[in-house]
file my_file02.cif (mmCIF, C-alpha atoms)
data_model
loop_
_atom_site.label_atom_id
_atom_site.label_comp_id
_atom_site.auth_asym_id
_atom_site.auth_seq_id
_atom_site.Cartn_x
_atom_site.Cartn_y
_atom_site.Cartn_z
CA MET A 13 10.51 10.57 6.47
CA PRO A 14 12.86 12.45 8.73
CA ASP A 15 13.65 10.77 12.00
CA SER A 16 12.50 12.60 15.09
CA THR A 17 13.62 9.84 17.46
CA SER A 18 17.25 10.83 17.20
CA ASP A 19 16.62 14.09 19.05
CA ALA A 20 17.09 12.22 22.30
CA ARG A 21 20.65 11.25 21.42
CA PRO A 22 23.44 13.04 23.26
CA SER A 23 25.40 15.40 21.08
CA GLY A 24 29.08 14.83 20.41
CA PRO A 25 30.94 12.36 18.19
CA ALA A 26 27.70 10.44 17.66
CA ASP A 27 26.50 13.39 15.56
CA LEU A 28 29.27 12.82 13.03
CA ASP A 29 29.15 10.06 10.46
CA TYR A 30 31.97 7.92 9.01
CA ARG A 31 33.13 10.88 6.89
CA GLY A 32 33.13 13.26 9.83
CA VAL A 33 30.09 15.00 8.35
CA ARG A 34 27.42 15.86 10.85
CA ARG A 35 24.14 13.97 10.80
CA LEU A 36 20.80 15.70 10.44
CA THR A 37 18.40 15.11 13.26
CA GLY A 38 14.99 16.22 14.47
CA VAL A 39 13.58 19.53 13.29
CA GLU A 40 16.55 20.38 11.10
CA GLU A 41 16.13 17.16 9.15
CA TRP A 42 12.42 17.82 8.68
CA ILE A 43 13.19 21.33 7.46
CA TRP A 44 15.60 20.15 4.78
CA TYR A 45 13.20 17.48 3.54
CA LEU A 46 10.42 20.07 3.43
CA VAL A 47 12.64 22.49 1.52
CA ALA A 48 13.40 19.74 -0.98
CA GLY A 49 9.75 18.70 -1.26
CA ILE A 50 8.21 22.15 -1.56
CA SER A 51 10.76 23.36 -4.09
CA TYR A 52 10.51 20.20 -6.19
CA ILE A 53 6.71 20.17 -6.15
CA THR A 54 6.46 23.85 -7.00
CA LEU A 55 8.91 23.63 -9.87
CA GLY A 56 7.42 20.31 -10.96
CA ILE A 57 3.98 21.83 -11.48
CA TRP A 58 5.37 24.24 -14.06
CA HIS A 59 8.25 22.20 -15.45
CA LYS A 60 7.05 18.65 -15.90
CA TRP A 61 10.35 17.41 -17.28
CA LEU A 62 11.70 17.62 -13.73
CA LEU A 63 9.27 14.96 -12.55
CA ASN A 64 11.12 11.76 -13.27
CA TRP A 65 12.90 8.88 -11.57
CA PHE A 66 16.31 10.47 -11.90
CA VAL A 67 15.78 14.14 -11.08
CA GLY A 68 13.52 13.46 -8.07
CA PRO A 69 16.03 11.41 -6.07
CA VAL A 70 18.96 13.59 -7.15
CA TRP A 71 17.04 16.69 -6.07
CA LEU A 72 16.43 15.32 -2.58
CA ILE A 73 19.98 14.07 -2.10
CA ALA A 74 21.48 17.31 -3.38
CA ILE A 75 19.43 19.45 -1.01
CA VAL A 76 19.92 17.21 2.02
CA VAL A 77 23.68 16.93 1.43
CA ILE A 78 24.57 20.36 0.06
CA GLY A 79 21.99 22.48 1.91
CA PRO A 80 23.33 21.96 5.46
CA TRP A 81 26.91 22.18 4.20
CA PHE A 82 26.12 25.53 2.59
CA THR A 83 24.34 27.00 5.61
CA ASP A 84 27.18 25.82 7.83
CA ARG A 85 29.67 27.54 5.54
CA LEU A 86 27.68 30.74 5.82
CA ARG A 87 27.57 30.16 9.60
CA LEU A 88 23.78 30.50 9.55
CA THR A 89 23.47 27.54 11.90
CA GLY A 90 26.43 28.40 14.10
CA ARG A 91 27.89 24.99 13.25
CA SER A 92 30.83 23.74 11.29
CA GLU A 93 30.21 20.96 8.78
CA HIS A 94 32.93 18.72 10.18
CA GLU A 95 32.37 19.46 13.83
CA GLY A 96 29.80 18.16 16.21
CA PRO A 97 27.85 20.61 18.39
CA ASP A 98 30.29 19.98 21.27
CA ASP A 99 33.21 21.18 19.19
CA ARG A 100 31.76 24.62 18.57
CA MET B 27 -1.42 2.42 -15.29
CA SER B 28 -0.43 3.39 -11.80
CA TRP B 29 1.71 6.40 -10.98
CA ALA B 30 3.04 7.11 -7.49
CA ALA B 31 1.54 3.81 -6.28
CA HIS B 32 4.58 2.10 -7.79
CA GLN B 33 6.90 4.23 -5.70
CA PHE B 34 4.99 3.67 -2.48
CA GLU B 35 4.51 -0.07 -2.88
CA ILE B 36 8.28 -0.62 -2.68
CA TYR B 37 8.22 0.59 0.92
CA ALA B 38 4.94 -1.20 1.59
CA VAL B 39 6.53 -4.50 0.51
CA GLN B 40 9.58 -3.76 2.65
CA ALA B 41 7.41 -2.87 5.65
CA HIS B 42 5.36 -6.06 5.38
CA LEU B 43 8.04 -8.66 4.85
CA PRO B 44 7.51 -11.96 6.68
CA LYS B 45 9.29 -11.90 10.02
CA LYS B 46 12.05 -14.30 9.05
CA MET B 47 12.94 -12.19 6.01
CA LEU B 48 13.25 -8.93 7.93
CA GLY B 49 16.68 -7.39 7.40
CA LYS B 50 17.58 -10.10 4.89
CA VAL B 51 15.81 -8.99 1.70
CA SER B 52 17.47 -6.52 -0.62
CA PHE B 53 15.67 -3.18 -0.81
CA TRP B 54 17.37 -2.44 -4.12
CA ALA B 55 16.08 -5.72 -5.50
CA ILE B 56 12.51 -4.78 -4.54
CA PHE B 57 13.10 -1.44 -6.23
CA LEU B 58 14.50 -3.05 -9.39
CA GLY B 59 11.74 -5.66 -9.51
CA ASP B 60 9.12 -2.97 -9.28
CA PHE B 61 10.94 -0.83 -11.84
CA THR B 62 11.52 -3.54 -14.46
CA PRO B 63 8.07 -3.84 -16.12
CA ASP B 64 7.76 -0.16 -17.02
CA PHE B 65 11.48 0.21 -17.68
CA LEU B 66 11.18 -2.38 -20.44
CA SER B 67 7.93 -1.21 -21.96
CA LYS B 68 6.98 2.34 -21.15
CA PHE B 69 9.52 4.34 -23.14
CA TRP B 70 7.63 3.43 -26.31
CA VAL B 71 4.17 3.98 -24.83
CA TYR B 72 4.40 7.77 -24.82
CA GLY B 73 7.06 7.78 -27.52
CA PHE B 74 9.06 10.86 -28.44
CA THR B 75 9.24 13.38 -31.27
CA PHE B 76 12.46 14.01 -33.16
CA ASN B 77 12.76 16.39 -36.12
CA GLY B 78 8.98 16.62 -36.30
CA THR B 79 8.49 12.86 -36.49
CA ARG B 80 6.86 10.95 -33.65
CA TYR B 81 8.43 7.67 -32.68
CA GLY B 82 6.41 5.37 -30.47
CA ALA B 83 3.70 2.76 -30.30
CA ASP B 84 0.73 3.16 -32.67
CA VAL B 85 -1.54 1.55 -30.07
CA PRO B 86 0.08 2.38 -26.73
CA HIS B 87 -2.11 0.17 -24.52
CA GLN B 88 -1.61 -2.84 -26.80
CA TRP B 89 2.15 -2.31 -26.71
CA HIS B 90 2.25 -1.72 -22.97
CA ARG B 91 0.03 -4.52 -21.72
CA GLY B 92 -1.03 -6.70 -24.63
CA TRP B 93 0.11 -9.68 -26.63
CA PRO B 94 1.49 -9.27 -29.19
CA GLY B 95 3.32 -6.38 -27.57
CA MET B 96 5.39 -5.87 -24.46
CA GLY B 97 2.57 -6.91 -22.16
CA PHE B 98 4.56 -9.96 -21.12
CA THR B 99 6.82 -7.60 -19.13
CA HIS B 100 3.87 -7.14 -16.75
CA THR B 101 3.28 -10.85 -16.17
CA LEU B 102 4.30 -13.00 -13.23
CA PHE B 103 5.56 -15.55 -15.73
CA PHE B 104 8.19 -13.12 -17.02
CA GLY B 105 9.01 -11.98 -13.49
CA ILE B 106 9.59 -15.57 -12.41
CA ILE B 107 11.85 -16.27 -15.40
CA VAL B 108 14.00 -13.19 -14.75
CA THR B 109 14.12 -14.00 -11.04
CA ALA B 110 15.13 -17.60 -11.75
CA LEU B 111 17.90 -16.39 -14.06
CA PHE B 112 19.18 -14.09 -11.31
CA TRP B 113 19.12 -17.00 -8.88
CA LEU B 114 20.95 -19.35 -11.25
CA TRP B 115 23.55 -16.69 -11.95
CA LYS B 116 24.29 -15.41 -8.45
CA ARG B 117 22.55 -17.68 -5.93
CA ASN B 118 21.77 -14.53 -3.98
CA ARG B 119 18.68 -15.10 -1.85
CA ALA B 120 18.33 -11.49 -0.65
CA PHE B 121 18.24 -10.20 -4.22
CA THR B 122 16.16 -13.01 -5.74
CA VAL B 123 13.36 -12.80 -3.18
CA GLY B 124 13.30 -9.01 -3.20
CA TYR B 125 13.21 -8.86 -6.97
CA LEU B 126 10.23 -11.18 -7.30
CA LEU B 127 8.29 -9.38 -4.55
CA GLY B 128 8.87 -6.01 -6.23
CA PHE B 129 7.96 -7.39 -9.65
CA ALA B 130 4.79 -9.05 -8.37
CA ALA B 131 3.71 -5.84 -6.63
CA HIS B 132 3.97 -3.93 -9.90
CA ALA B 133 2.23 -6.52 -12.07
CA LEU B 134 -0.62 -6.99 -9.60
CA THR B 135 -1.17 -3.28 -8.94
CA ASP B 136 -1.56 -2.66 -12.65
CA ILE B 137 -4.67 -4.84 -12.91
CA ASN B 138 -6.62 -1.86 -11.62
CA ASP B 139 -6.77 0.25 -14.77
CA SER B 140 -9.10 -0.54 -17.64
CA VAL B 141 -6.46 -2.48 -19.59
CA GLY B 142 -5.00 -4.57 -16.78
CA THR B 143 -2.28 -7.17 -17.12
CA MET B 144 -2.05 -10.72 -18.47
CA LEU B 145 -1.89 -12.38 -15.07
CA LEU B 146 -1.93 -15.94 -16.36
CA PHE B 147 0.25 -15.46 -19.42
CA PRO B 148 1.26 -17.69 -21.27
CA ILE B 149 -1.64 -19.97 -20.31
CA THR B 150 -3.96 -17.28 -21.58
CA ALA B 151 -3.25 -13.92 -23.20
CA LEU B 152 -6.48 -12.47 -21.82
CA ASN B 153 -6.00 -9.44 -19.59
CA TRP B 154 -7.18 -9.24 -15.99
CA THR B 155 -8.60 -5.90 -15.03
CA SER B 156 -10.84 -4.54 -12.30
CA GLU B 157 -11.54 -1.49 -14.52
CA THR B 158 -11.21 0.78 -11.49
CA TRP B 159 -9.99 3.71 -13.58
CA ALA B 160 -9.42 4.44 -17.26
CA TYR B 161 -6.15 3.60 -18.93
CA ALA B 162 -5.41 6.81 -20.78
CA ALA B 163 -2.04 6.64 -22.53
CA THR B 164 -2.80 7.69 -26.11
CA VAL B 165 -0.80 8.79 -29.13
CA ASP B 166 -2.28 12.30 -29.09
CA GLY B 167 -2.62 12.82 -25.34
CA GLY B 168 0.75 11.46 -24.30
CA LYS B 169 1.88 11.68 -20.71
CA TYR B 170 -0.13 14.80 -19.88
CA LEU B 171 -3.54 13.36 -20.71
CA ASP B 172 -2.57 10.12 -19.00
CA ALA B 173 -1.69 12.02 -15.83
CA ALA B 174 -4.80 14.15 -16.01
CA ALA B 175 -7.06 11.10 -16.35
CA TYR B 176 -5.28 9.21 -13.58
CA TYR B 177 -5.36 12.06 -11.08
CA SER B 178 -8.99 12.87 -11.92
CA SER B 179 -10.16 9.34 -11.24
CA LEU B 180 -9.88 6.56 -8.67
CA GLY B 181 -6.22 6.35 -9.70
CA LEU B 182 -5.70 9.20 -7.26
CA ALA B 183 -7.35 7.06 -4.58
CA MET B 184 -4.96 4.25 -5.46
CA ASP B 185 -1.94 6.48 -4.91
CA VAL B 186 -3.37 7.72 -1.63
CA PHE B 187 -4.15 4.15 -0.55
CA TRP B 188 -0.53 3.07 -1.02
CA LEU B 189 0.68 6.24 0.65
CA VAL B 190 -1.46 5.41 3.68
CA VAL B 191 -0.17 1.83 3.71
CA VAL B 192 3.39 3.16 3.88
CA LEU B 193 2.52 5.75 6.50
CA ILE B 194 0.92 3.06 8.67
CA GLY B 195 4.28 1.29 8.56
CA TRP B 196 6.13 4.63 8.91
CA ARG B 197 9.00 3.03 10.81
CA VAL B 198 10.23 1.68 7.48
CA LEU B 199 11.32 5.25 6.65
CA THR B 200 13.28 5.92 9.82
CA ARG B 201 17.04 6.08 10.19
CA ASP B 202 17.05 3.22 12.67
CA TYR B 203 15.10 0.95 10.33
CA TRP B 204 17.51 1.81 7.53
CA ARG B 205 20.51 0.99 9.70
CA VAL B 206 19.15 -2.25 11.13
CA ASN B 207 17.15 -3.74 8.25
CA ILE B 208 18.13 -2.11 4.98
CA VAL B 209 21.90 -1.73 5.06
CA PRO B 210 22.79 -5.30 6.19
CA ALA B 211 20.79 -6.84 3.34
CA ASP B 212 22.59 -4.70 0.74
CA ALA B 213 25.88 -3.99 2.48
CA ARG B 214 27.99 -3.85 -0.69
CA VAL B 215 25.67 -1.47 -2.50
CA TRP B 216 25.49 0.91 0.46
CA ALA B 217 29.26 0.67 0.90
CA PHE B 218 29.64 1.70 -2.73
CA PHE B 219 27.40 4.75 -2.32
CA ALA B 220 29.15 5.58 0.96
CA ARG B 221 32.29 6.28 -1.05
CA PHE B 222 30.55 9.36 -2.47
CA LEU B 223 27.89 10.34 0.05
CA PRO B 224 27.77 11.13 3.76
CA GLU B 225 25.27 9.22 5.88
CA ARG B 226 22.57 11.85 5.51
CA GLY B 227 22.87 11.43 1.75
CA LEU B 228 22.55 7.65 2.00
CA ILE B 229 19.40 7.96 4.08
CA ALA B 230 18.04 10.47 1.57
CA LEU B 231 18.87 7.98 -1.19
CA TYR B 232 16.88 5.32 0.64
CA ARG B 233 13.92 7.63 1.10
CA ALA B 234 14.25 9.17 -2.37
CA THR B 235 11.71 6.96 -4.12
CA PHE B 236 9.12 7.74 -1.46
CA PHE B 237 9.98 11.44 -1.78
CA TYR B 238 9.64 11.28 -5.54
CA GLY B 239 6.30 9.47 -5.26
CA ILE B 240 4.80 12.02 -2.90
CA CYS B 241 6.10 14.95 -4.96
CA ARG B 242 4.81 13.65 -8.28
CA LEU B 243 1.46 12.84 -6.69
CA ILE B 244 1.08 16.42 -5.47
CA SER B 245 2.61 18.08 -8.54
CA TRP B 246 0.55 16.23 -11.12
CA SER B 247 -2.62 16.55 -9.03
CA ALA B 248 -2.09 20.30 -8.69
CA TRP B 249 -1.44 20.66 -12.40
CA THR B 250 -4.52 18.57 -13.23
CA ARG B 251 -6.79 20.53 -10.89
CA ILE B 252 -5.46 24.06 -11.07
CA VAL B 253 -3.10 24.74 -13.95
CA ALA B 254 -4.34 22.72 -16.93
CA LYS B 255 -6.84 24.35 -19.30
CA PRO B 256 -8.46 21.50 -21.20
CA THR B 257 -11.24 21.81 -23.74
CA ILE B 258 -13.80 19.09 -23.09
CA ASP B 259 -16.94 18.78 -25.21
CA GLY B 260 -16.11 22.16 -26.74
CA ILE B 261 -15.94 23.94 -23.38
CA GLU B 262 -12.66 25.35 -22.12
CA ARG B 263 -12.21 24.64 -18.44
CA ARG B 264 -9.83 25.48 -15.66
CA GLY B 265 -8.60 22.06 -14.54
CA PHE B 266 -9.78 18.62 -15.59
CA PRO B 267 -13.10 17.56 -14.01
CA ILE B 268 -12.65 15.05 -11.22
CA ASP B 269 -14.70 11.85 -11.48
CA LEU B 270 -14.39 9.19 -8.81
CA SER B 271 -16.87 6.81 -10.44
CA TRP B 272 -15.78 3.31 -11.52
CA THR B 273 -13.68 3.34 -14.73
CA GLY B 274 -13.69 7.14 -14.66
CA PRO B 275 -13.11 9.81 -15.68
CA TRP B 276 -16.19 10.24 -17.87
CA TRP B 277 -14.51 12.67 -20.25
CA LEU B 278 -12.19 10.06 -21.72
CA ASP B 279 -12.73 6.76 -23.54
CA ALA B 280 -11.14 4.11 -21.36
CA ARG B 281 -8.77 1.93 -23.38
CA SER B 282 -9.30 -1.79 -23.10
CA LEU B 283 -8.10 -5.17 -24.36
CA PRO B 284 -9.88 -8.55 -24.42
CA HIS B 285 -10.19 -9.49 -20.76
CA VAL B 286 -11.80 -11.85 -18.27
CA ASN B 287 -14.78 -10.90 -16.14
CA PRO B 288 -13.58 -7.94 -14.00
CA TRP B 289 -15.12 -9.51 -10.86
CA LEU B 290 -12.53 -12.28 -11.08
CA SER B 291 -9.54 -9.93 -11.09
CA PHE B 292 -9.28 -8.98 -7.42
CA PRO B 293 -9.66 -12.52 -6.03
CA VAL B 294 -7.24 -13.98 -8.56
CA ALA B 295 -4.67 -11.20 -8.03
CA LEU B 296 -4.86 -11.61 -4.25
CA ALA B 297 -4.58 -15.39 -4.60
CA LEU B 298 -1.50 -14.99 -6.81
CA LEU B 299 0.03 -12.53 -4.37
CA GLY B 300 -0.58 -15.00 -1.55
CA LEU B 301 0.90 -17.77 -3.67
CA VAL B 302 4.05 -15.74 -4.37
CA TYR B 303 4.54 -15.07 -0.64
CA TRP B 304 3.80 -18.70 0.27
CA VAL B 305 6.27 -20.08 -2.27
CA LEU B 306 8.98 -17.62 -1.23
CA ILE B 307 8.48 -18.43 2.46
CA LYS B 308 8.75 -22.16 1.65
CA LEU B 309 11.85 -21.62 -0.49
CA TRP B 310 13.52 -19.23 1.95
CA ASP B 311 15.44 -21.80 3.97
CA PRO B 312 16.44 -24.09 1.07
CA MET B 313 17.64 -21.03 -0.84
CA GLY B 314 19.67 -19.96 2.17
CA ARG B 315 21.33 -23.38 2.31
CA ALA B 316 22.03 -23.33 -1.44
CA GLU B 317 23.58 -19.88 -1.14
CA ALA B 318 25.75 -21.01 1.78
CA ARG B 319 26.92 -24.08 -0.20
CA ARG B 320 27.85 -21.92 -3.16
CA ARG B 321 29.77 -19.51 -0.95
CA SER B 322 31.54 -22.36 0.72
CA ARG B 323 32.52 -23.82 -2.69
CA ALA B 324 33.67 -20.39 -3.87
CA ARG B 325 35.85 -20.01 -0.78
CA THR B 326 37.35 -23.45 -1.36
CA VAL B 327 38.09 -22.68 -5.00
CA ASN B 328 39.58 -19.30 -4.12
CA GLY B 329 41.66 -20.88 -1.40
CA THR B 330 42.96 -23.49 -3.85
CA HIS B 331 43.81 -20.81 -6.39
CA GLU B 332 45.57 -18.73 -3.77
CA GLU B 333 47.56 -21.75 -2.68
CA SER B 334 48.58 -22.71 -6.22
CA GLY B 335 49.41 -19.06 -6.93
CA ALA B 336 51.65 -19.06 -3.88
CA HIS B 337 53.37 -22.24 -5.10
CA ASP B 338 53.84 -20.74 -8.56
CA SER B 339 55.41 -17.60 -7.24
CA ALA B 340 57.60 -19.64 -4.89
#
call {"tool": "encode", "arguments": {"input": "my_file02.cif", "output": "structure tokens"}}
result
Amino acid sequence: MPDSTSDARPSGPADLDYRGVRRLTGVEEWIWYLVAGISYITLGIWHKWLLNWFVGPVWLIAIVVIGPWFTDRLRLTGRSEHEGPDDR
Amino acid sequence: MSWAAHQFEIYAVQAHLPKKMLGKVSFWAIFLGDFTPDFLSKFWVYGFTFNGTRYGADVPHQWHRGWPGMGFTHTLFFGIIVTALFWLWKRNRAFTVGYLLGFAAHALTDINDSVGTMLLFPITALNWTSETWAYAATVDGGKYLDAAAYYSSLGLAMDVFWLVVVLIGWRVLTRDYWRVNIVPADARVWAFFARFLPERGLIALYRATFFYGICRLISWSAWTRIVAKPTIDGIERRGFPIDLSWTGPWWLDARSLPHVNPWLSFPVALALLGLVYWVLIKLWDPMGRAEARRRSRARTVNGTHEESGAHDSA
């Protein structure tokens, strides 16, 4: 379950993790989990082979890790993957 | 059998650990303990077809839960043996306790279908079942019929029940809980994954089993209700009929094995669950001391080796 408590945190270096990759917080985190869930459920209804212990976790991790990186690269979020909001 | 309930109960166990175990029990061990029974037995239950030949159990429910068969993989006896072997090998309290809790959760949850599990194996090979819903893994129906029966019966209620239990303890899914209680108990494992994943990926990895559980619950339910076109009693239908009566659904013969009186199953399962927790709470401190002694001995031995190595090279 995405964590809404971290919205209160000040932005800055705290938004970057040990790899310098920005953390997901609040609404954005919810959105990515929902994207992962809705896409997986929808595809899973029609393609049952996707519904297993391996694909499910990999699906979530792939979307949560790659999704924000991709939108940042396209500058849809106005952020850079390796920069905190203060560095914009 | 249970479906998403097995994914949710991992987090339920984690959320309801005794206070003194909080932050000290391995989440991955709970996961592995819960995963082990079906990992060892289920591949042959549905079987697979290769070059037109089906390979799998002739009587799936006997194989899965019976004796003779792989039913022993769903017994506390087997869980305790595997746990004891882990303990003797590694003297790792966090893993040992987590593994047994996860294993017990799986074995006890599975008493609810019409086949149940051999709770008191090897004292008796009789199964313990509450017959809440029909066990439906069959040679012809495979996974699809099993899913349809489960999500058309009180099995669906079982999944929802465990989902609610987790949601009541929702903090177990938060980032802060992961940082404070999950990572310290499994620091090496998380450090390993951290070599490949950023933090948001690690948190997703932690939540992944819950995610998978919720998705399969919705996907299979939607397929069962909306997409499937079964023919039941000669009538083609849109979706399998839902039946929330005891041992439902009505449109399928519930599989069964010789078992004790179903009224005994809930009290005995709850008593065994209580016993597992009680024993683990009693053993918690002695196990901690044993682990510390082993570590201390290992440090001494390593220190001696390092010293002698230094002498050799000198």
call {"tool": "closest_residue", "arguments": {"input": "my_file02.cif", "among": "A:Ile57, A:Ile50, A:Val39, A:Ile78", "to": "chain B", "atoms": "only C-alpha atoms"}}
result
A:Ile57
call {"tool": "closest_residue", "arguments": {"input": "my_file02.cif", "among": "B:Ser291, B:Ser322, B:Thr75, B:Gln33", "to": "Ile240 (chain B)", "atoms": "all atoms listed in the file"}}
result
B:Gln33
call {"tool": "resolve_selection", "arguments": {"input": "my_file02.cif", "expression": "the PyMOL selection byres ((chain B and resi 211) around 6)", "output": "PyMOL selection string"}}
result
chain B and resi 49-52+208-210+212-213
call {"tool": "resolve_selection", "arguments": {"input": "my_file02.cif", "expression": "the PyMOL selection byres ((chain A) within 8 of (chain B))", "output": "list of chain:residue names"}}
result
A:Met13, A:Pro14, A:Asp15, A:Asp29, A:Tyr30, A:Arg31, A:Val33, A:Arg35, A:Leu36, A:Gly49, A:Tyr52, A:Ile53, A:Thr54, A:Gly56, A:Ile57, A:Trp58, A:Leu63, A:Asn64, A:Trp65, A:Gly68, A:Pro69, A:Leu72, A:Ile73, A:Ala74, A:Val76, A:Val77
call {"tool": "residues_around", "arguments": {"input": "my_file02.cif", "residues": "Trp304 (chain B)", "least_positions_apart": "4", "cutoff": "12 Å", "atoms": "all atoms listed in the file", "output": "NGL selection string"}}
result
:B and (43-44 or 123 or 127 or 297-300 or 308-310)
call {"tool": "decode", "arguments": {"input": "my_file02.cif", "residues": "region 24-66 of chain A", "atoms": "C-alpha atoms", "output": "short mmCIF file (atom, residue, chain, number, x, y, z; two decimals), in the first residue's frame"}}
result
data_model
loop_
_atom_site.label_atom_id
_atom_site.label_comp_id
_atom_site.auth_asym_id
_atom_site.auth_seq_id
_atom_site.Cartn_x
_atom_site.Cartn_y
_atom_site.Cartn_z
CA GLY A 24 15.40 17.87 -0.95
CA PRO A 25 18.07 15.21 -0.44
CA ALA A 26 15.61 13.20 1.67
CA ASP A 27 13.71 12.48 -1.57
CA LEU A 28 16.68 10.61 -3.00
CA ASP A 29 17.58 7.11 -1.95
CA TYR A 30 21.01 5.45 -1.54
CA ARG A 31 21.36 5.22 -5.34
CA GLY A 32 20.43 8.85 -5.86
CA VAL A 33 17.11 7.73 -7.35
CA ARG A 34 14.14 9.73 -6.19
CA ARG A 35 11.61 8.14 -3.88
CA LEU A 36 7.94 7.92 -4.72
CA THR A 37 5.65 9.59 -2.26
CA GLY A 38 1.99 10.43 -1.78
CA VAL A 39 -0.28 10.63 -4.80
CA GLU A 40 2.42 9.75 -7.30
CA GLU A 41 3.14 6.50 -5.48
CA TRP A 42 -0.56 5.63 -5.40
CA ILE A 43 -0.82 6.34 -9.12
CA TRP A 44 2.01 3.98 -10.03
CA TYR A 45 0.63 1.18 -7.87
CA LEU A 46 -2.79 1.70 -9.43
CA VAL A 47 -1.30 1.62 -12.92
CA ALA A 48 0.44 -1.64 -12.05
CA GLY A 49 -2.69 -3.12 -10.47
CA ILE A 50 -5.19 -2.13 -13.13
CA SER A 51 -2.97 -3.23 -16.01
CA TYR A 52 -2.10 -6.55 -14.35
CA ILE A 53 -5.70 -7.32 -13.42
CA THR A 54 -7.00 -6.41 -16.86
CA LEU A 55 -4.42 -8.49 -18.68
CA GLY A 56 -4.74 -11.26 -16.10
CA ILE A 57 -8.44 -11.73 -16.82
CA TRP A 58 -7.68 -12.57 -20.45
CA HIS A 59 -4.23 -14.10 -20.11
CA LYS A 60 -4.26 -16.37 -17.09
CA TRP A 61 -0.65 -17.43 -17.51
CA LEU A 62 0.33 -13.99 -16.23
CA LEU A 63 -1.25 -14.70 -12.86
CA ASN A 64 1.54 -16.40 -10.97
CA TRP A 65 3.99 -15.88 -8.14
CA PHE A 66 6.77 -14.72 -10.43
#
